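*Asks:* Provided herewith is a single structure, encoded as structure tokens, for subsequent inquiry.
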Amino acid sequence: MRGNPLPDAIVVGAGIVGAACAEALSRAGLRVEVYEAAFAGSGTTARPMGHIVVMDDSEAQMALTRRSRELWQDFAPELPAACEDEAAGTIWVAADEEEMEHVRSKHEFYGARGVATEVLDGAELARLEPNLRPGLAGGLLVPDDRVLYPPAATRWLLERAVSRGARLSEGVEVLALGVRSVLTRAGERVAGAVINAAGFAAPRLTPRLPIEPRKGHLVITDRHPGFCTRQLVELGYLKSAHTPGRESVAFNVQPRATGQLLIGSSRELVGLDPAINRPLRDRMLRRAMEYMPALAHLSALRTWTGFRPATPDNLPLIGPWEPLPGLYIAAGHEGLGITTATGTAEILADQILGRAPRLDPAPYSPMRKAEAHHA
Ligand SMILES: Cc1cc2nc3c(=O)[nH]c(=O)nc-3n(C[C@H](O)[C@H](O)[C@H](O)COP(=O)(O)OP(=O)(O)OC[C@H]3O[C@@H](n4cnc5c(N)ncnc54)[C@H](O)[C@@H]3O)c2cc1C
């Protein structure tokens, strides 16, 4: 480290969130260093679906996901083929009339906030996705949602930062954070700002951060190009995503560029045990087959697990951490960190550079009282 001019910013962690921060800060002309304990994109970022999705659990979530999707759209023409970026769209699937009511209110909510959606009746849904079970009531198509391959997108963001002079050090663990400094085995390194983007491990460096790992399973199938063409999610997904109980599953299927299907999703709070919970995985697959019976004819090639960095109010922690001057947090993105990495990076770059904020950062402040916000 000695001999290099002092950086303006140090990013701890090269998951997709740290990578997006490095990209945005280097684009603004800052000298950036990134320290990654393992290798870039090897944490939770190696394990998700890669759905770039606008979500409406709260106004703050809507604002961040909508802006983040716009930023991904801006990147889209430059993303290399390896990122498998595609404007596939999402269909929120309604099983019955009661869920169709939800579809209509979702349509209004999105429309009032400038997000295009289309209400589908049962016949339109069946025409667009014939492998869904017959008799579903309809759905909400969100045509501008995207799908990409997160590890490749992470590499691309880092390569952009490095091409502007950023330094990426892999295999370098940050042992502690100080005032505008980080400690590694090579000694102390000082910077104008330090960003803790260590994902679910962020509280190890900043102990009072309210982040806990929320485990999820995914299954990938063999190749069946055209089996479905959009990300298909049951309307009950949000309920499942935010039930405080120990285990939940929801129908969530994604077509990959390879012709494979990714099948999710599950959530459970079991610490950092990566073992496959077979009963829960089987429940997840049964749920998927309830919606898409033809999935039973596909082969599941692999199952894996990953840990979403979850917060009590389901919003990420983005912004200055007041107890330690110069420290910023960019962590706690739960099941939306691929989507919201870009918006997170923009918020932090605005704050570090003292620019007028594009998004109101208050709802994401790591200093917020999470319970108060939830209320
Ligand atoms: C099953 C599943 C499905 C998902 N699907 C989606 C989806 O479809 N769409 C979506 O938007 N999101 C999805 N997510 C969520 C998304 O994957 C995460 O929110 C996101 O990857 C978090 O990125 P991160 O950079 O914060 O964390 P990570 O990717 O975990 O990166 C943190 C990095 O910090 C490094 N690190 C930790 N401690 C230190 C240290 N002391 N020193 C140096 N480096 C350190 C780690 O090695 C790691 O590489 C899903 C998650 C799961 C588990």
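Identifiers in this document derive from the order of the structure tokens: chains are assigned A, B, ..., residues are numbered from 1 separately in each chain, and ligands are numbered from 1 in order of occurrence.
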Extract, using only C-alpha atoms, all DNA, RNA and protein residues at most 10 Å from Ala193 of chain A, discarding same-chain residues fewer than 6 positions from it, and format them as an MDAnalysis selection string.

*Replies:* chainID A and resid 7:11 32 179:181 320 325:328 352

*Asks:* Which residues are near ligand 1 - at most 6 Å, using only C-alpha atoms and all ligand atoms? Format: as a ChimeraX atom specification.

*Replies:* /A:12-18,35-38,40-45,47-52,173-175,197-199,201,216-218,306-308,331,333-339

*Asks:* Quick one: residues within 12 Å of Pro207 of chain A, only C-alpha atoms, excluding same-chain residues fewer than 6 positions away - as a list in words?

*Replies:*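 Result of the neighbour search: Ala176, Leu177, Asn196, Phe200, Ala201, Trp321, Pro323, Leu324 and Ile329 of chain A.
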
*Asks:* Using the selection just defined, write its residues with N, CA, C and O atoms as a tab-separated table (two decimals), in the first residue's frame.

*Replies:*
chain	number	residue	atom	x	y	z
A	176	ALA	N	-10.42	-3.85	10.81
A	176	ALA	CA	-11.12	-2.87	11.66
A	176	ALA	C	-11.21	-1.56	10.90
A	176	ALA	O	-10.44	-1.30	9.96
A	177	LEU	N	-12.18	-0.75	11.32
A	177	LEU	CA	-12.33	0.58	10.74
A	177	LEU	C	-11.96	1.61	11.79
A	177	LEU	O	-12.32	1.47	12.96
A	196	ASN	N	-18.44	1.06	4.23
A	196	ASN	CA	-18.60	-0.34	4.65
A	196	ASN	C	-19.67	-0.97	3.76
A	196	ASN	O	-20.87	-0.75	3.95
A	200	PHE	N	-23.68	-8.98	4.47
A	200	PHE	CA	-24.16	-9.44	5.78
A	200	PHE	C	-23.06	-9.39	6.83
A	200	PHE	O	-23.33	-9.48	8.03
A	201	ALA	N	-21.79	-9.24	6.41
A	201	ALA	CA	-20.68	-9.17	7.37
A	201	ALA	C	-20.43	-7.73	7.84
A	201	ALA	O	-19.53	-7.50	8.65
A	321	TRP	N	-22.36	7.14	8.94
A	321	TRP	CA	-22.50	6.52	10.26
A	321	TRP	C	-21.86	7.47	11.25
A	321	TRP	O	-20.64	7.58	11.35
A	323	PRO	N	-21.29	7.84	14.49
A	323	PRO	CA	-20.30	7.59	15.55
A	323	PRO	C	-18.84	7.55	15.05
A	323	PRO	O	-17.93	7.74	15.85
A	324	LEU	N	-18.61	7.31	13.76
A	324	LEU	CA	-17.24	7.23	13.26
A	324	LEU	C	-17.08	8.20	12.08
A	324	LEU	O	-17.54	7.90	10.97
A	329	ILE	N	-22.12	3.82	5.30
A	329	ILE	CA	-22.59	2.43	5.21
A	329	ILE	C	-23.32	2.25	3.88
A	329	ILE	O	-24.07	3.13	3.44

*Asks:* I'd like to know which of A:Val162, A:Ala257, A:Ala300, A:Ala341 is closest to Cys21 of chain A, using only C-alpha atoms.

*Replies:*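 The closest residue to Cys21 of chain A is A:Ala341.
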
*Asks:* Between atom CA of Asn4 of chain A and atom CA of Ala22 of chain A, what is the distance in Å, rounded to a tenth?

*Replies:*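 Those two atoms sit 17.4 Å apart.
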
*Asks:* Which of segment 153-347 of chain A end up as strand (DSSP E or B) when DSSP is run on this backbone - answer as JSON, numbers by chain?

*Replies:* {"A": [167, 168, 169, 170, 176, 177, 178, 181, 182, 183, 184, 187, 188, 189, 190, 193, 194, 195, 196, 212, 213, 214, 215, 216, 217, 218, 219, 220, 221, 231, 232, 233, 234, 247, 248, 249, 250, 251, 252, 253, 254, 255, 261, 262, 263, 264, 265, 266, 267, 268, 270, 272, 300, 301, 302, 303, 304, 305, 306, 307, 308, 309, 310, 317, 318, 319, 320, 327, 328, 329, 330, 331]}
